[in-house]
Each structure stands twice: as structure tokens, then as C-alpha cells.
>>> print(open('protein26.txt').read())   # compact mmCIF, N, CA and C atoms and all ligand atoms
# COMPACT_ATOMS: atom_id res chain seq x y z
N MET O 1352 0.84 -1.20 0.00
CA MET O 1352 0.00 0.00 0.00
C MET O 1352 0.88 1.25 0.00
N ALA O 1353 0.45 2.24 -0.77
CA ALA O 1353 1.23 3.48 -0.82
C ALA O 1353 1.21 4.14 0.56
N LEU O 1354 2.28 4.84 0.87
CA LEU O 1354 2.37 5.51 2.16
C LEU O 1354 1.31 6.60 2.29
N TYR O 1355 1.09 7.33 1.20
CA TYR O 1355 0.12 8.42 1.22
C TYR O 1355 -1.03 8.13 0.27
N SER O 1356 -2.24 8.49 0.69
CA SER O 1356 -3.43 8.26 -0.14
C SER O 1356 -3.39 9.19 -1.35
N GLU O 1357 -4.23 8.86 -2.34
CA GLU O 1357 -4.32 9.72 -3.53
C GLU O 1357 -4.77 11.12 -3.15
N LYS O 1358 -5.67 11.19 -2.17
CA LYS O 1358 -6.17 12.52 -1.75
C LYS O 1358 -5.06 13.35 -1.13
N VAL O 1359 -4.22 12.72 -0.31
CA VAL O 1359 -3.09 13.45 0.28
C VAL O 1359 -2.19 13.97 -0.84
N MET O 1360 -1.88 13.10 -1.80
CA MET O 1360 -0.99 13.51 -2.89
C MET O 1360 -1.62 14.64 -3.70
N ASP O 1361 -2.92 14.54 -3.94
CA ASP O 1361 -3.61 15.56 -4.72
C ASP O 1361 -3.55 16.92 -4.01
N HIS O 1362 -3.85 16.91 -2.70
CA HIS O 1362 -3.86 18.19 -1.97
C HIS O 1362 -2.44 18.72 -1.74
N PHE O 1363 -1.47 17.81 -1.71
CA PHE O 1363 -0.08 18.25 -1.58
C PHE O 1363 0.40 18.87 -2.89
N LEU O 1364 0.10 18.22 -3.99
CA LEU O 1364 0.59 18.70 -5.29
C LEU O 1364 -0.22 19.88 -5.82
N HIS O 1365 -1.51 19.92 -5.44
CA HIS O 1365 -2.39 21.00 -5.90
C HIS O 1365 -3.12 21.60 -4.71
N PRO O 1366 -2.40 22.21 -3.80
CA PRO O 1366 -3.07 22.71 -2.59
C PRO O 1366 -4.10 23.79 -2.91
N ARG O 1367 -5.25 23.69 -2.23
CA ARG O 1367 -6.30 24.70 -2.38
C ARG O 1367 -6.07 25.79 -1.35
N ASN O 1368 -6.42 27.02 -1.72
CA ASN O 1368 -6.46 28.13 -0.77
C ASN O 1368 -5.10 28.50 -0.18
N VAL O 1369 -4.06 28.42 -1.00
CA VAL O 1369 -2.75 28.88 -0.53
C VAL O 1369 -2.65 30.37 -0.77
N GLY O 1370 -2.11 31.10 0.18
CA GLY O 1370 -1.88 32.53 -0.02
C GLY O 1370 -2.20 33.35 1.21
N ILE O 1371 -2.38 34.63 0.95
CA ILE O 1371 -2.60 35.60 2.03
C ILE O 1371 -3.89 36.35 1.73
N ILE O 1372 -4.65 36.69 2.76
CA ILE O 1372 -5.77 37.63 2.59
C ILE O 1372 -5.34 38.92 3.27
N GLU O 1373 -5.11 39.95 2.45
CA GLU O 1373 -4.57 41.21 2.98
C GLU O 1373 -5.46 41.83 4.05
N ASP O 1374 -6.78 41.86 3.78
CA ASP O 1374 -7.69 42.52 4.73
C ASP O 1374 -8.48 41.47 5.52
N ALA O 1375 -7.76 40.47 5.98
CA ALA O 1375 -8.42 39.37 6.72
C ALA O 1375 -9.09 39.88 7.99
N ASP O 1376 -10.19 39.23 8.35
CA ASP O 1376 -10.87 39.52 9.62
C ASP O 1376 -10.26 38.70 10.75
N ALA O 1377 -9.64 37.58 10.40
CA ALA O 1377 -9.04 36.71 11.42
C ALA O 1377 -7.71 36.18 10.90
N VAL O 1378 -6.70 36.24 11.76
CA VAL O 1378 -5.38 35.70 11.41
C VAL O 1378 -4.88 34.85 12.57
N GLY O 1379 -4.39 33.68 12.25
CA GLY O 1379 -3.85 32.81 13.29
C GLY O 1379 -2.50 32.27 12.86
N GLU O 1380 -1.63 32.07 13.84
CA GLU O 1380 -0.32 31.49 13.53
C GLU O 1380 0.07 30.54 14.65
N VAL O 1381 0.50 29.36 14.25
CA VAL O 1381 0.95 28.39 15.25
C VAL O 1381 2.21 27.69 14.77
N GLY O 1382 2.96 27.20 15.74
CA GLY O 1382 4.14 26.40 15.44
C GLY O 1382 3.92 24.99 15.95
N ASN O 1383 4.54 24.05 15.29
CA ASN O 1383 4.42 22.65 15.71
C ASN O 1383 5.57 22.30 16.64
N ALA O 1384 5.22 21.96 17.86
CA ALA O 1384 6.26 21.68 18.86
C ALA O 1384 7.13 20.49 18.46
N LYS O 1385 6.57 19.56 17.70
CA LYS O 1385 7.31 18.35 17.35
C LYS O 1385 8.39 18.59 16.31
N CYS O 1386 8.10 19.47 15.34
CA CYS O 1386 9.04 19.59 14.23
C CYS O 1386 9.50 21.03 13.99
N GLY O 1387 8.86 22.00 14.65
CA GLY O 1387 9.26 23.40 14.49
C GLY O 1387 8.65 24.07 13.27
N ASP O 1388 7.76 23.36 12.55
CA ASP O 1388 7.14 23.96 11.37
C ASP O 1388 6.07 24.98 11.79
N ILE O 1389 5.74 25.85 10.84
CA ILE O 1389 4.85 26.99 11.14
C ILE O 1389 3.69 27.03 10.15
N MET O 1390 2.53 27.44 10.66
CA MET O 1390 1.33 27.56 9.82
C MET O 1390 0.63 28.88 10.10
N LYS O 1391 0.24 29.57 9.05
CA LYS O 1391 -0.48 30.82 9.22
C LYS O 1391 -1.80 30.72 8.45
N MET O 1392 -2.87 31.19 9.06
CA MET O 1392 -4.21 31.06 8.48
C MET O 1392 -4.89 32.43 8.45
N TYR O 1393 -5.51 32.76 7.33
CA TYR O 1393 -6.21 34.04 7.17
C TYR O 1393 -7.68 33.76 6.81
N MET O 1394 -8.60 34.55 7.36
CA MET O 1394 -10.02 34.33 7.04
C MET O 1394 -10.77 35.63 6.87
N LYS O 1395 -11.74 35.59 5.98
CA LYS O 1395 -12.75 36.64 5.88
C LYS O 1395 -14.01 36.08 6.52
N ILE O 1396 -14.61 36.87 7.40
CA ILE O 1396 -15.81 36.39 8.11
C ILE O 1396 -16.92 37.42 7.98
N GLU O 1397 -18.08 36.96 7.51
CA GLU O 1397 -19.25 37.84 7.40
C GLU O 1397 -20.42 37.18 8.08
N ASN O 1398 -21.07 37.92 8.98
CA ASN O 1398 -22.23 37.37 9.72
C ASN O 1398 -21.93 36.00 10.31
N ASP O 1399 -20.74 35.87 10.85
CA ASP O 1399 -20.32 34.63 11.52
C ASP O 1399 -20.08 33.46 10.57
N ILE O 1400 -20.01 33.74 9.26
CA ILE O 1400 -19.73 32.69 8.28
C ILE O 1400 -18.33 32.95 7.69
N ILE O 1401 -17.55 31.90 7.58
CA ILE O 1401 -16.21 32.03 6.98
C ILE O 1401 -16.38 32.05 5.46
N THR O 1402 -16.27 33.23 4.89
CA THR O 1402 -16.53 33.37 3.45
C THR O 1402 -15.28 33.09 2.62
N ASP O 1403 -14.10 33.27 3.23
CA ASP O 1403 -12.87 32.96 2.50
C ASP O 1403 -11.79 32.58 3.50
N VAL O 1404 -10.89 31.73 3.07
CA VAL O 1404 -9.80 31.30 3.96
C VAL O 1404 -8.59 30.95 3.12
N LYS O 1405 -7.43 31.38 3.59
CA LYS O 1405 -6.18 31.04 2.90
C LYS O 1405 -5.12 30.69 3.95
N PHE O 1406 -4.11 29.93 3.50
CA PHE O 1406 -3.04 29.58 4.44
C PHE O 1406 -1.68 29.68 3.79
N GLU O 1407 -0.69 29.89 4.65
CA GLU O 1407 0.72 29.82 4.25
C GLU O 1407 1.37 28.89 5.24
N THR O 1408 2.31 28.08 4.76
CA THR O 1408 2.98 27.21 5.72
C THR O 1408 4.45 27.04 5.39
N PHE O 1409 5.22 26.91 6.47
CA PHE O 1409 6.58 26.45 6.37
C PHE O 1409 6.51 25.07 7.00
N GLY O 1410 5.97 24.13 6.22
CA GLY O 1410 5.73 22.80 6.79
C GLY O 1410 5.87 21.73 5.72
N CYS O 1411 5.69 20.50 6.14
CA CYS O 1411 5.92 19.36 5.25
C CYS O 1411 4.71 19.11 4.35
N GLY O 1412 4.82 18.12 3.50
CA GLY O 1412 3.75 17.78 2.57
C GLY O 1412 2.46 17.42 3.27
N SER O 1413 2.54 16.71 4.39
CA SER O 1413 1.32 16.33 5.11
C SER O 1413 0.65 17.57 5.71
N ALA O 1414 1.45 18.53 6.14
CA ALA O 1414 0.88 19.77 6.68
C ALA O 1414 0.19 20.56 5.56
N ILE O 1415 0.79 20.57 4.39
CA ILE O 1415 0.19 21.27 3.25
C ILE O 1415 -1.13 20.60 2.87
N ALA O 1416 -1.11 19.28 2.74
CA ALA O 1416 -2.33 18.55 2.37
C ALA O 1416 -3.41 18.72 3.43
N SER O 1417 -3.03 18.67 4.71
CA SER O 1417 -4.02 18.81 5.79
C SER O 1417 -4.63 20.21 5.78
N SER O 1418 -3.80 21.22 5.57
CA SER O 1418 -4.31 22.59 5.59
C SER O 1418 -5.20 22.84 4.40
N SER O 1419 -4.79 22.32 3.24
CA SER O 1419 -5.61 22.46 2.05
C SER O 1419 -6.98 21.84 2.28
N MET O 1420 -7.02 20.63 2.79
CA MET O 1420 -8.30 19.96 3.06
C MET O 1420 -9.08 20.70 4.14
N ALA O 1421 -8.39 21.13 5.20
CA ALA O 1421 -9.08 21.81 6.31
C ALA O 1421 -9.72 23.11 5.83
N THR O 1422 -9.03 23.86 4.97
CA THR O 1422 -9.61 25.11 4.49
C THR O 1422 -10.85 24.83 3.65
N GLU O 1423 -10.81 23.74 2.86
CA GLU O 1423 -11.99 23.38 2.07
C GLU O 1423 -13.16 22.99 2.99
N MET O 1424 -12.83 22.38 4.12
CA MET O 1424 -13.89 21.90 5.03
C MET O 1424 -14.55 23.04 5.81
N ILE O 1425 -13.84 24.16 6.00
CA ILE O 1425 -14.44 25.24 6.81
C ILE O 1425 -14.98 26.40 5.97
N LYS O 1426 -14.63 26.43 4.70
CA LYS O 1426 -15.10 27.53 3.85
C LYS O 1426 -16.62 27.48 3.74
N GLY O 1427 -17.26 28.62 4.01
CA GLY O 1427 -18.72 28.67 3.93
C GLY O 1427 -19.41 28.19 5.20
N LYS O 1428 -18.61 27.81 6.20
CA LYS O 1428 -19.19 27.28 7.44
C LYS O 1428 -19.23 28.34 8.54
N PRO O 1429 -20.14 28.18 9.52
CA PRO O 1429 -20.15 29.11 10.66
C PRO O 1429 -18.88 28.95 11.50
N VAL O 1430 -18.52 30.03 12.17
CA VAL O 1430 -17.33 30.03 13.04
C VAL O 1430 -17.42 28.88 14.06
N SER O 1431 -18.60 28.70 14.66
CA SER O 1431 -18.75 27.68 15.70
C SER O 1431 -18.43 26.28 15.15
N GLU O 1432 -18.81 26.03 13.91
CA GLU O 1432 -18.55 24.71 13.31
C GLU O 1432 -17.06 24.54 13.03
N ALA O 1433 -16.43 25.61 12.53
CA ALA O 1433 -15.00 25.53 12.21
C ALA O 1433 -14.18 25.29 13.46
N LEU O 1434 -14.64 25.83 14.58
CA LEU O 1434 -13.91 25.65 15.85
C LEU O 1434 -13.94 24.19 16.30
N GLU O 1435 -14.91 23.44 15.81
CA GLU O 1435 -15.03 22.04 16.22
C GLU O 1435 -14.29 21.09 15.29
N LEU O 1436 -13.72 21.61 14.22
CA LEU O 1436 -13.01 20.73 13.28
C LEU O 1436 -11.78 20.12 13.97
N THR O 1437 -11.68 18.81 13.91
CA THR O 1437 -10.54 18.14 14.55
C THR O 1437 -9.54 17.68 13.49
N ASN O 1438 -8.32 17.52 13.91
CA ASN O 1438 -7.31 17.02 12.97
C ASN O 1438 -7.64 15.60 12.53
N LYS O 1439 -8.35 14.87 13.37
CA LYS O 1439 -8.75 13.51 13.02
C LYS O 1439 -9.73 13.54 11.85
N ALA O 1440 -10.67 14.48 11.90
CA ALA O 1440 -11.65 14.60 10.81
C ALA O 1440 -10.95 14.99 9.51
N VAL O 1441 -9.94 15.86 9.63
CA VAL O 1441 -9.19 16.28 8.44
C VAL O 1441 -8.43 15.08 7.86
N ALA O 1442 -7.79 14.32 8.74
CA ALA O 1442 -7.03 13.15 8.28
C ALA O 1442 -7.97 12.12 7.65
N GLU O 1443 -9.16 11.96 8.23
CA GLU O 1443 -10.12 11.01 7.64
C GLU O 1443 -10.56 11.47 6.27
N ALA O 1444 -10.78 12.79 6.13
CA ALA O 1444 -11.20 13.33 4.82
C ALA O 1444 -10.11 13.12 3.78
N LEU O 1445 -8.87 13.00 4.23
CA LEU O 1445 -7.75 12.75 3.31
C LEU O 1445 -7.53 11.25 3.09
N ASP O 1446 -8.45 10.43 3.60
CA ASP O 1446 -8.31 8.97 3.55
C ASP O 1446 -7.10 8.50 4.34
N GLY O 1447 -6.80 9.23 5.39
CA GLY O 1447 -5.77 8.80 6.34
C GLY O 1447 -4.40 9.41 6.13
N LEU O 1448 -3.65 9.46 7.23
CA LEU O 1448 -2.25 9.89 7.21
C LEU O 1448 -1.48 8.82 7.99
N PRO O 1449 -0.20 8.62 7.67
CA PRO O 1449 0.58 7.70 8.49
C PRO O 1449 0.60 8.19 9.94
N ASP O 1450 0.62 7.27 10.90
CA ASP O 1450 0.58 7.65 12.32
C ASP O 1450 1.59 8.72 12.68
N TYR O 1451 2.81 8.54 12.20
CA TYR O 1451 3.87 9.48 12.59
C TYR O 1451 3.73 10.83 11.89
N LYS O 1452 2.71 10.97 11.03
CA LYS O 1452 2.45 12.26 10.37
C LYS O 1452 1.17 12.92 10.89
N MET O 1453 0.52 12.29 11.87
CA MET O 1453 -0.72 12.88 12.39
C MET O 1453 -0.47 14.25 13.02
N HIS O 1454 0.72 14.43 13.61
CA HIS O 1454 0.98 15.73 14.26
C HIS O 1454 0.97 16.88 13.24
N CYS O 1455 1.20 16.56 11.98
CA CYS O 1455 1.19 17.60 10.94
C CYS O 1455 -0.23 18.14 10.73
N SER O 1456 -1.23 17.25 10.87
CA SER O 1456 -2.61 17.70 10.69
C SER O 1456 -3.06 18.56 11.88
N VAL O 1457 -2.40 18.40 13.02
CA VAL O 1457 -2.73 19.22 14.19
C VAL O 1457 -2.42 20.69 13.91
N LEU O 1458 -1.41 20.91 13.09
CA LEU O 1458 -1.01 22.28 12.76
C LEU O 1458 -2.18 23.04 12.10
N ALA O 1459 -2.88 22.36 11.20
CA ALA O 1459 -4.02 22.99 10.52
C ALA O 1459 -5.14 23.29 11.50
N GLN O 1460 -5.47 22.31 12.33
CA GLN O 1460 -6.54 22.49 13.32
C GLN O 1460 -6.21 23.66 14.25
N GLU O 1461 -4.98 23.69 14.74
CA GLU O 1461 -4.61 24.73 15.71
C GLU O 1461 -4.55 26.11 15.07
N ALA O 1462 -4.14 26.18 13.82
CA ALA O 1462 -4.08 27.49 13.15
C ALA O 1462 -5.48 28.05 12.95
N ILE O 1463 -6.43 27.18 12.62
CA ILE O 1463 -7.82 27.62 12.47
C ILE O 1463 -8.35 28.10 13.81
N GLN O 1464 -8.11 27.31 14.85
CA GLN O 1464 -8.60 27.68 16.18
C GLN O 1464 -7.97 28.98 16.66
N ASN O 1465 -6.68 29.12 16.40
CA ASN O 1465 -5.98 30.33 16.83
C ASN O 1465 -6.56 31.56 16.13
N ALA O 1466 -6.80 31.45 14.82
CA ALA O 1466 -7.37 32.57 14.06
C ALA O 1466 -8.74 32.95 14.62
N LEU O 1467 -9.55 31.94 14.89
CA LEU O 1467 -10.92 32.21 15.34
C LEU O 1467 -10.94 32.73 16.78
N GLU O 1468 -10.01 32.26 17.59
CA GLU O 1468 -9.92 32.80 18.97
C GLU O 1468 -9.51 34.27 18.91
N ASN O 1469 -8.55 34.59 18.05
CA ASN O 1469 -8.14 35.99 17.90
C ASN O 1469 -9.31 36.83 17.40
N TYR O 1470 -10.07 36.27 16.48
CA TYR O 1470 -11.23 36.98 15.92
C TYR O 1470 -12.24 37.28 17.02
N ARG O 1471 -12.54 36.27 17.81
CA ARG O 1471 -13.53 36.45 18.88
C ARG O 1471 -13.02 37.40 19.95
N ALA O 1472 -11.74 37.31 20.25
CA ALA O 1472 -11.16 38.20 21.26
C ALA O 1472 -11.23 39.65 20.76
N GLY O 1473 -10.97 39.83 19.47
CA GLY O 1473 -11.00 41.17 18.87
C GLY O 1473 -12.40 41.77 18.90
N LYS O 1474 -13.39 40.91 18.83
CA LYS O 1474 -14.78 41.39 18.86
C LYS O 1474 -15.29 41.55 20.27
N GLY O 1475 -14.50 41.09 21.25
CA GLY O 1475 -14.90 41.20 22.64
C GLY O 1475 -15.85 40.11 23.09
N ASP O 1476 -15.93 38.99 22.32
CA ASP O 1476 -16.81 37.87 22.70
C ASP O 1476 -16.22 37.12 23.90
FE1 LIG I 1501 6.38 19.41 10.53
FE2 LIG I 1501 4.83 17.77 9.19
S1 LIG I 1501 6.87 17.43 9.82
S2 LIG I 1501 4.33 19.71 9.99
>>> encode(input="protein26.txt", output="C-alpha cells", more="lines below")
Ligand code: FES
Amino acid sequence: MALYSEKVMDHFLHPRNVGIIEDADAVGEVGNAKCGDIMKMYMKIENDIITDVKFETFGCGSAIASSSMATEMIKGKPVSEALELTNKAVAEALDGLPDYKMHCSVLAQEAIQNALENYRAGKGD
């Protein structure tokens, strides 16, 4: 069996939503304690719905694939739903990640949560 699923390879080779949103409503940045890689997430939010999301990463292929999939999963969703997205759900949507690469998917989950926490803090929620 191949180490990485076709979906992982697809999102790694053709990542969705890579880039920066200049006038983002929410920005989050996290580092991965295990490998030192970094993930930054930008979002546009209107009426509590994530209308656009982009990411930049200094991370491995699994982190890129996880972030690409995670951004697709939260686009168009309410903030409350995006806050509940787990790295496990992202990995499942990618048809799995090798065990020793699961920590890479945590980077995507934490960057989303960090952005949304900053957003809520900025609004005084
Ligand atoms: Fe660092 Fe994957 S090895 S995010």
C-alpha cells in the first residue's frame, strides 16, 4: 500500500487556498512543537460565516495537504462549526495519514482555532 493516499498527494501537489488575505478579519499562527514547522491562516468572516480562507505554511507535505483539506472543510461554514473541526476529521477526509504524520494535521486544526480565537477576542466575545 502506498504511504500516502491519492487525496493526500492531490492536496499536496495542488493545494487549495494557498496565499494571504490582505484585509483578513481573522489571522492565526501556530508552530508545531514536534518539528518546528509553522502555519499561518487568514479568514474573511461575514455574519459569523467564513466566506474565504487562505493559508501559508513552512511545513511538510502532510501539513500542506491537511491545511488544504481543512480550508476546504471550513469555507462557507459558521465560526462555531469551524472551531469544532478536529485534525482527526481532516485526516479522515484525506483517507488517512501515516501515524507518525498525524501531528502535521494538528497544525491545521490549531491554526484555524488560533485565528478564530483571535477573531472572537477582537470582537470582545
Ligand atoms: Fe512538521 Fe509535518 S513534519 S508539519
>>> residues_near_ligand(input="protein26.txt", ligand="ligand LIG 1501 (chain I)", cutoff="8 Å", atoms="only C-alpha atoms and all ligand atoms", output="JSON, numbers by chain")
{"O": [1383, 1385, 1386, 1387, 1388, 1389, 1409, 1410, 1411, 1412, 1413, 1414, 1452, 1454, 1455, 1456, 1458]}
>>> atom_distance(input="protein26.txt", atom1="atom C of Tyr1355 in chain O", atom2="atom N of Met1420 in chain O")
14.1 Å
>>> atom_distance(input="protein26.txt", atom1="CA of Met1390 in chain O", atom2="atom N of Met1360 in chain O")
18.8 Å
>>> residues_around(input="protein26.txt", residues="Ile1401 in chain O", least_positions_apart="4", cutoff="9 Å", atoms="only C-alpha atoms", output="mmCIF file with N, CA and C atoms, in the frame of the given file")
data_model
loop_
_atom_site.group_PDB
_atom_site.id
_atom_site.type_symbol
_atom_site.label_atom_id
_atom_site.label_comp_id
_atom_site.auth_asym_id
_atom_site.auth_seq_id
_atom_site.Cartn_x
_atom_site.Cartn_y
_atom_site.Cartn_z
ATOM 1 N N MET O 1394 -8.600 34.550 7.360
ATOM 2 C CA MET O 1394 -10.020 34.330 7.040
ATOM 3 C C MET O 1394 -10.770 35.630 6.870
ATOM 4 N N LYS O 1395 -11.740 35.590 5.980
ATOM 5 C CA LYS O 1395 -12.750 36.640 5.880
ATOM 6 C C LYS O 1395 -14.010 36.080 6.520
ATOM 7 N N ILE O 1396 -14.610 36.870 7.400
ATOM 8 C CA ILE O 1396 -15.810 36.390 8.110
ATOM 9 C C ILE O 1396 -16.920 37.420 7.980
ATOM 10 N N GLU O 1397 -18.080 36.960 7.510
ATOM 11 C CA GLU O 1397 -19.250 37.840 7.400
ATOM 12 C C GLU O 1397 -20.420 37.180 8.080
ATOM 13 N N ILE O 1425 -13.840 24.160 6.000
ATOM 14 C CA ILE O 1425 -14.440 25.240 6.810
ATOM 15 C C ILE O 1425 -14.980 26.400 5.970
ATOM 16 N N LYS O 1426 -14.630 26.430 4.700
ATOM 17 C CA LYS O 1426 -15.100 27.530 3.850
ATOM 18 C C LYS O 1426 -16.620 27.480 3.740
ATOM 19 N N GLY O 1427 -17.260 28.620 4.010
ATOM 20 C CA GLY O 1427 -18.720 28.670 3.930
ATOM 21 C C GLY O 1427 -19.410 28.190 5.200
ATOM 22 N N LYS O 1428 -18.610 27.810 6.200
ATOM 23 C CA LYS O 1428 -19.190 27.280 7.440
ATOM 24 C C LYS O 1428 -19.230 28.340 8.540
ATOM 25 N N PRO O 1429 -20.140 28.180 9.520
ATOM 26 C CA PRO O 1429 -20.150 29.110 10.660
ATOM 27 C C PRO O 1429 -18.880 28.950 11.500
ATOM 28 N N VAL O 1430 -18.520 30.030 12.170
ATOM 29 C CA VAL O 1430 -17.330 30.030 13.040
ATOM 30 C C VAL O 1430 -17.420 28.880 14.060
ATOM 31 N N ALA O 1433 -16.430 25.610 12.530
ATOM 32 C CA ALA O 1433 -15.000 25.530 12.210
ATOM 33 C C ALA O 1433 -14.180 25.290 13.460
#
>>> atom_distance(input="protein26.txt", atom1="atom N of Gly1370 in chain O", atom2="CA of Lys1405 in chain O")
4.9 Å
>>> closest_residue(input="protein26.txt", among="O:Ala1416, O:Ile1400, O:Ile1463, O:Ile1372", to="Leu1445 in chain O", atoms="all atoms listed in the file")
O:Ala1416
>>> closest_residue(input="protein26.txt", among="O:Gly1473, O:Gly1379, O:Pro1366, O:Gly1447", to="Ser1419 in chain O", atoms="only N, CA and C atoms")
O:Pro1366
>>> select_by_dssp(input="protein26.txt", residues="chain O", states="alpha helix (DSSP H)", output="ChimeraX atom specification")
/O:1357-1364,1412-1425,1430-1434,1438-1444,1453-1474
>>> select_by_dssp(input="protein26.txt", residues="range 1385-1440 of chain O", states="strand (DSSP E)", output="NGL selection string")
:O and (1389-1397 or 1400-1409)
>>> closest_residue(input="protein26.txt", among="O:Glu1461, O:Lys1474, O:Ile1415, O:Leu1434", to="Val1359 in chain O", atoms="only C-alpha atoms")
O:Ile1415
>>> closest_residue(input="protein26.txt", among="O:Thr1408, O:Leu1354, O:Met1392, O:Ile1371", to="Pro1449 in chain O", atoms="all atoms listed in the file")
O:Leu1354
